[in-house]
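What follows is the content of protein_6.json (JSON, C-alpha atoms).
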[["chain", "number", "residue", "atom", "x", "y", "z"],
["N", 253, "MET", "CA", -10.55, 33.57, -35.58],
["N", 254, "LYS", "CA", -7.19, 32.14, -34.63],
["N", 255, "ALA", "CA", -7.01, 34.43, -31.57],
["N", 256, "ASN", "CA", -10.47, 33.27, -30.48],
["N", 257, "HIS", "CA", -9.37, 29.64, -30.64],
["N", 258, "LYS", "CA", -6.33, 30.42, -28.48],
["N", 259, "LEU", "CA", -8.53, 32.18, -25.94],
["N", 260, "VAL", "CA", -10.97, 29.25, -25.79],
["N", 261, "VAL", "CA", -8.12, 26.76, -25.40],
["N", 262, "ALA", "CA", -6.54, 28.87, -22.66],
["N", 263, "LEU", "CA", -9.85, 29.11, -20.79],
["N", 264, "LEU", "CA", -10.44, 25.37, -21.06],
["N", 265, "MET", "CA", -6.92, 24.61, -19.86],
["N", 266, "GLY", "CA", -7.34, 26.97, -16.91],
["N", 267, "ALA", "CA", -10.64, 25.35, -15.97],
["N", 268, "ALA", "CA", -9.13, 21.86, -16.21],
["N", 269, "ILE", "CA", -6.16, 22.81, -14.04],
["N", 270, "GLY", "CA", -8.46, 24.46, -11.51],
["N", 271, "ALA", "CA", -10.74, 21.43, -11.37],
["N", 272, "GLY", "CA", -7.76, 19.11, -10.92],
["N", 273, "GLY", "CA", -6.38, 21.25, -8.11],
["N", 274, "ALA", "CA", -9.76, 21.39, -6.37],
["N", 275, "ALA", "CA", -10.10, 17.61, -6.60],
["N", 276, "ALA", "CA", -6.63, 17.13, -5.13],
["N", 277, "ILE", "CA", -7.40, 19.46, -2.23],
["N", 278, "HIS", "CA", -10.72, 17.72, -1.59],
["N", 279, "ALA", "CA", -9.11, 14.26, -1.68],
["N", 280, "ARG", "CA", -6.49, 15.40, 0.82],
["N", 281, "GLN", "CA", -9.14, 16.70, 3.19],
["N", 282, "ILE", "CA", -11.02, 13.39, 3.40],
["N", 283, "LYS", "CA", -7.99, 11.24, 4.19],
["N", 284, "PRO", "CA", -8.90, 8.93, 7.08],
["N", 285, "ALA", "CA", -7.32, 9.35, 10.48],
["N", 286, "PRO", "CA", -4.53, 6.89, 11.27],
["N", 287, "ALA", "CA", -5.13, 4.21, 13.88],
["N", 288, "TYR", "CA", -2.83, 2.58, 16.39],
["N", 289, "VAL", "CA", -2.92, -0.85, 17.91],
["N", 290, "VAL", "CA", -1.62, -0.35, 21.44],
["N", 291, "ALA", "CA", -0.58, -3.26, 23.66],
["N", 292, "GLU", "CA", 0.74, -3.64, 27.17],
["N", 293, "VAL", "CA", 2.46, -7.01, 27.31],
["N", 294, "ASP", "CA", 3.83, -9.05, 30.21],
["N", 295, "VAL", "CA", 5.77, -11.97, 28.71],
["N", 296, "ILE", "CA", 5.49, -15.11, 30.84],
["N", 297, "ASN", "CA", 7.09, -17.57, 28.39],
["N", 298, "PRO", "CA", 9.92, -15.83, 26.51],
["N", 299, "GLU", "CA", 10.75, -18.76, 24.21],
["N", 300, "ALA", "CA", 7.17, -19.10, 22.95],
["N", 301, "PHE", "CA", 6.80, -15.33, 22.68],
["N", 302, "LYS", "CA", 9.85, -15.18, 20.39],
["N", 303, "GLU", "CA", 7.92, -17.30, 17.88],
["N", 304, "TYR", "CA", 4.98, -14.87, 18.00],
["N", 305, "ALA", "CA", 7.30, -11.86, 17.68],
["N", 306, "ALA", "CA", 8.96, -13.37, 14.60],
["N", 307, "LYS", "CA", 5.65, -14.07, 12.85],
["N", 308, "ALA", "CA", 3.68, -10.91, 13.70],
["N", 309, "PRO", "CA", 5.33, -8.47, 11.22],
["N", 310, "GLY", "CA", 4.42, -10.65, 8.24],
["N", 311, "THR", "CA", 0.75, -10.57, 9.23],
["N", 312, "MET", "CA", 0.76, -6.75, 9.28],
["N", 313, "ALA", "CA", 2.37, -6.18, 5.88],
["N", 314, "PRO", "CA", -0.81, -6.62, 3.76],
["N", 315, "PHE", "CA", -2.51, -3.93, 5.88],
["N", 316, "ASN", "CA", 0.44, -1.49, 5.81],
["N", 317, "GLY", "CA", 0.96, -1.93, 9.54],
["N", 318, "ARG", "CA", 4.31, -0.83, 10.96],
["N", 319, "TYR", "CA", 5.80, -0.79, 14.41],
["N", 320, "ILE", "CA", 6.17, 2.59, 16.07],
["N", 321, "ILE", "CA", 7.17, 1.14, 19.45],
["N", 322, "ARG", "CA", 8.20, -2.48, 19.95],
["N", 323, "GLY", "CA", 9.32, -3.02, 23.51],
["N", 324, "GLY", "CA", 12.44, -1.14, 24.42],
["N", 325, "LYS", "CA", 13.19, 1.06, 27.36],
["N", 326, "THR", "CA", 10.35, 2.85, 29.16],
["N", 327, "VAL", "CA", 10.66, 5.47, 31.87],
["N", 328, "SER", "CA", 7.73, 5.91, 34.23],
["N", 329, "LEU", "CA", 6.62, 9.47, 34.81],
["N", 330, "GLU", "CA", 3.56, 8.50, 36.87],
["N", 331, "GLY", "CA", 2.53, 5.06, 38.03],
["N", 332, "GLU", "CA", 3.85, 1.64, 37.18],
["N", 333, "PRO", "CA", 5.28, 1.29, 33.65],
["N", 334, "PRO", "CA", 4.15, -1.68, 31.55],
["N", 335, "LYS", "CA", 6.57, -4.62, 31.28],
["N", 336, "ARG", "CA", 6.55, -4.26, 27.48],
["N", 337, "PHE", "CA", 4.76, -1.64, 25.38],
["N", 338, "VAL", "CA", 3.91, -1.98, 21.68],
["N", 339, "VAL", "CA", 2.37, 0.52, 19.24],
["N", 340, "ILE", "CA", 1.56, -0.47, 15.65],
["N", 341, "ALA", "CA", 0.46, 2.22, 13.17],
["N", 342, "PHE", "CA", -2.14, 1.65, 10.44],
["N", 343, "ASP", "CA", -3.56, 4.03, 7.85],
["N", 344, "SER", "CA", -7.09, 3.80, 9.30],
["N", 345, "MET", "CA", -9.29, 2.11, 11.91],
["N", 346, "GLU", "CA", -10.60, -0.14, 9.15],
["N", 347, "LYS", "CA", -7.12, -1.41, 8.25],
["N", 348, "ALA", "CA", -6.22, -1.96, 11.91],
["N", 349, "GLN", "CA", -9.43, -3.92, 12.49],
["N", 350, "ALA", "CA", -8.95, -5.88, 9.26],
["N", 351, "TRP", "CA", -5.49, -6.94, 10.45],
["N", 352, "GLU", "CA", -6.87, -7.91, 13.87],
["N", 353, "ASP", "CA", -9.56, -10.04, 12.18],
["N", 354, "SER", "CA", -7.32, -11.51, 9.47],
["N", 355, "PRO", "CA", -6.82, -15.28, 9.22],
["N", 356, "ALA", "CA", -3.03, -14.82, 9.26],
["N", 357, "TYR", "CA", -3.13, -12.95, 12.57],
["N", 358, "ASP", "CA", -5.82, -15.24, 14.02],
["N", 359, "ALA", "CA", -3.41, -18.12, 13.41],
["N", 360, "ILE", "CA", -0.70, -16.67, 15.68],
["N", 361, "LYS", "CA", -2.86, -15.08, 18.42],
["N", 362, "PRO", "CA", -2.90, -18.34, 20.44],
["N", 363, "ILE", "CA", 0.90, -18.14, 20.67],
["N", 364, "ARG", "CA", 0.64, -14.68, 22.25],
["N", 365, "HIS", "CA", -2.23, -15.74, 24.51],
["N", 366, "GLY", "CA", -0.18, -18.69, 25.78],
["N", 367, "SER", "CA", 3.07, -16.81, 26.24],
["N", 368, "ALA", "CA", 2.01, -13.43, 27.61],
["N", 369, "LYS", "CA", -0.62, -11.52, 29.51],
["N", 370, "SER", "CA", -1.70, -8.48, 27.55],
["N", 371, "ARG", "CA", -4.15, -5.65, 27.08],
["N", 372, "VAL", "CA", -4.61, -4.73, 23.42],
["N", 373, "PHE", "CA", -6.77, -2.03, 21.91],
["N", 374, "ILE", "CA", -7.13, 0.15, 18.80],
["N", 375, "ALA", "CA", -7.00, 3.93, 19.20],
["N", 376, "GLU", "CA", -7.86, 6.39, 16.46],
["N", 377, "GLY", "CA", -5.21, 9.02, 15.81],
["N", 378, "VAL", "CA", -5.49, 12.61, 14.68],
["N", 379, "ALA", "CA", -6.34, 13.12, 11.00],
["N", 380, "PRO", "CA", -3.49, 14.70, 9.02]]
Would you mind writing the file out in structure tokens?
Amino acid sequence: MKANHKLVVALLMGAAIGAGGAAAIHARQIKPAPAYVVAEVDVINPEAFKEYAAKAPGTMAPFNGRYIIRGGKTVSLEGEPPKRFVVIAFDSMEKAQAWEDSPAYDAIKPIRHGSAKSRVFIAEGVAP
């Protein structure tokens, strides 16, 4: 009888481990695609834009937003390069849109609108 108990326990443990592994694989497969807020920015009032630039990172933190590109040097391969290029990564389109619509970000958008001309959009990335 003791051997039968060991066999039953071993089978149950194997089934539990298999189910846990299958759930982990399934969860990994349904991970949402990342999203990127992409902006071309032409700063027309540098002093005012500095205020926006200082406040923007704090508005992204609750949505796990992080800069991938924040200005810096650009080299044109074809056509005219943007004056300033920004890419912000988010875990999903939903998080990127939630940041865009958040009260904290809404509060500083007028600073950007008054200090720069820009084109801003959200692009969905490739799922991992």
Given all atoms listed in the file, how would the per-residue table for range 275-341 of chain N near range 347-359 of chain N read, listing every residue at most 7 Å away with its closest atom pair and distance in Å to one decimal, sorted by chain and number, as JSON lines?
{"residue": "N:Ala287", "atom": "CA", "partner": "N:Ala348", "partner_atom": "CA", "distance": 6.6}
{"residue": "N:Val289", "atom": "CA", "partner": "N:Ala348", "partner_atom": "CA", "distance": 6.9}
{"residue": "N:Thr311", "atom": "CA", "partner": "N:Tyr357", "partner_atom": "CA", "distance": 5.6}
{"residue": "N:Met312", "atom": "CA", "partner": "N:Trp351", "partner_atom": "CA", "distance": 6.4}
{"residue": "N:Phe315", "atom": "CA", "partner": "N:Lys347", "partner_atom": "CA", "distance": 5.8}
- Message: I'd like the interatomic distance between CA of Ser370 in chain N and CA of Asp294 in chain N, to a tenth of an Å.
- Response: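 Computing the Euclidean distance for CA of Ser370 in chain N and CA of Asp294 in chain N yields 6.2 Å.
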- Counting all atoms listed in the file, select every polymer residue within 10 Å of (11.4, -6.9, 23.1) as defined in the file's coordinates, and provide the selection as a PyMOL selection string. chain N and resi 293+295+298+301-302+305+321-325+335-338
- N:Ala308, N:Ile296, N:Ile340, N:Ile282: which is nearest Ala375 in chain N, counting all atoms listed in the file?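 Closest to Ala375 in chain N of all the choices is N:Ile340.
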- Query: For the atom pair CA of Glu376 in chain N and CA of Tyr288 in chain N, what is the interatomic distance in Å to one decimal place?
  - Reply: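 Pair CA of Glu376 in chain N / CA of Tyr288 in chain N returns 6.3 Å.
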- Message: Report as a list in words all protein, DNA and RNA residues lying within 10 Å of Ala285 in chain N, evaluated on all atoms listed in the file, omitting residues in the same chain fewer than 6 positions from it.
- Response: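 My reading of the contact set: Phe342, Asp343, Ser344, Met345, Glu376, Gly377, Val378, Ala379 and Pro380 of chain N.
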Could you get me a file of range 319-351 of chain N with N, CA and C atoms, as a compact mmCIF listing (two decimals), in the first residue's frame, taken from the block above?
# COMPACT_ATOMS: atom_id res chain seq x y z
N TYR N 319 12.01 56.73 -21.30
CA TYR N 319 12.59 57.27 -22.53
C TYR N 319 13.50 56.24 -23.19
N ILE N 320 13.35 56.12 -24.48
CA ILE N 320 14.27 55.33 -25.32
C ILE N 320 15.18 56.31 -26.06
N ILE N 321 14.57 57.37 -26.60
CA ILE N 321 15.29 58.45 -27.26
C ILE N 321 14.74 59.75 -26.70
N ARG N 322 15.63 60.66 -26.32
CA ARG N 322 15.20 61.95 -25.79
C ARG N 322 16.11 63.03 -26.36
N GLY N 323 15.80 63.43 -27.60
CA GLY N 323 16.65 64.42 -28.24
C GLY N 323 17.94 63.77 -28.69
N GLY N 324 19.02 64.46 -28.54
CA GLY N 324 20.31 63.90 -28.93
C GLY N 324 20.59 64.06 -30.41
N LYS N 325 21.70 63.54 -30.80
CA LYS N 325 22.17 63.68 -32.18
C LYS N 325 21.37 62.78 -33.11
N THR N 326 21.00 63.32 -34.26
CA THR N 326 20.38 62.52 -35.32
C THR N 326 21.17 62.73 -36.61
N VAL N 327 21.25 61.69 -37.39
CA VAL N 327 21.92 61.74 -38.67
C VAL N 327 20.88 61.37 -39.72
N SER N 328 20.68 62.25 -40.69
CA SER N 328 19.70 61.99 -41.73
C SER N 328 20.26 61.04 -42.77
N LEU N 329 19.50 59.99 -43.05
CA LEU N 329 19.86 59.07 -44.12
C LEU N 329 19.10 59.41 -45.39
N GLU N 330 17.87 59.88 -45.21
CA GLU N 330 17.03 60.32 -46.33
C GLU N 330 16.12 61.42 -45.82
N GLY N 331 16.08 62.52 -46.50
CA GLY N 331 15.18 63.60 -46.12
C GLY N 331 15.71 64.44 -44.98
N GLU N 332 14.87 65.36 -44.56
CA GLU N 332 15.20 66.32 -43.50
C GLU N 332 15.02 65.67 -42.13
N PRO N 333 16.04 65.69 -41.26
CA PRO N 333 15.86 65.11 -39.93
C PRO N 333 14.99 66.03 -39.06
N PRO N 334 14.30 65.47 -38.08
CA PRO N 334 13.53 66.33 -37.17
C PRO N 334 14.48 67.16 -36.32
N LYS N 335 14.00 68.29 -35.82
CA LYS N 335 14.83 69.14 -34.94
C LYS N 335 15.16 68.37 -33.66
N ARG N 336 14.15 67.70 -33.12
CA ARG N 336 14.31 66.92 -31.88
C ARG N 336 13.40 65.72 -32.02
N PHE N 337 13.88 64.55 -31.63
CA PHE N 337 13.12 63.31 -31.77
C PHE N 337 13.03 62.65 -30.41
N VAL N 338 11.84 62.18 -30.05
CA VAL N 338 11.63 61.56 -28.74
C VAL N 338 10.86 60.26 -28.93
N VAL N 339 11.29 59.20 -28.24
CA VAL N 339 10.57 57.93 -28.21
C VAL N 339 10.45 57.51 -26.75
N ILE N 340 9.20 57.24 -26.34
CA ILE N 340 8.93 56.81 -24.97
C ILE N 340 8.29 55.43 -25.05
N ALA N 341 8.85 54.45 -24.34
CA ALA N 341 8.34 53.07 -24.37
C ALA N 341 7.35 52.85 -23.23
N PHE N 342 6.29 52.11 -23.54
CA PHE N 342 5.29 51.68 -22.56
C PHE N 342 5.06 50.18 -22.76
N ASP N 343 4.52 49.53 -21.76
CA ASP N 343 4.29 48.08 -21.83
C ASP N 343 3.18 47.70 -22.81
N SER N 344 2.26 48.63 -23.11
CA SER N 344 1.14 48.32 -23.99
C SER N 344 0.54 49.61 -24.54
N MET N 345 -0.30 49.48 -25.57
CA MET N 345 -1.02 50.62 -26.12
C MET N 345 -1.91 51.24 -25.03
N GLU N 346 -2.51 50.39 -24.21
CA GLU N 346 -3.40 50.88 -23.16
C GLU N 346 -2.67 51.77 -22.17
N LYS N 347 -1.46 51.35 -21.77
CA LYS N 347 -0.69 52.17 -20.83
C LYS N 347 -0.23 53.48 -21.46
N ALA N 348 0.16 53.43 -22.73
CA ALA N 348 0.57 54.65 -23.42
C ALA N 348 -0.60 55.63 -23.51
N GLN N 349 -1.77 55.12 -23.87
CA GLN N 349 -2.95 55.97 -24.00
C GLN N 349 -3.39 56.49 -22.63
N ALA N 350 -3.28 55.65 -21.61
CA ALA N 350 -3.64 56.09 -20.25
C ALA N 350 -2.74 57.22 -19.80
N TRP N 351 -1.44 57.15 -20.12
CA TRP N 351 -0.54 58.25 -19.78
C TRP N 351 -0.95 59.51 -20.54
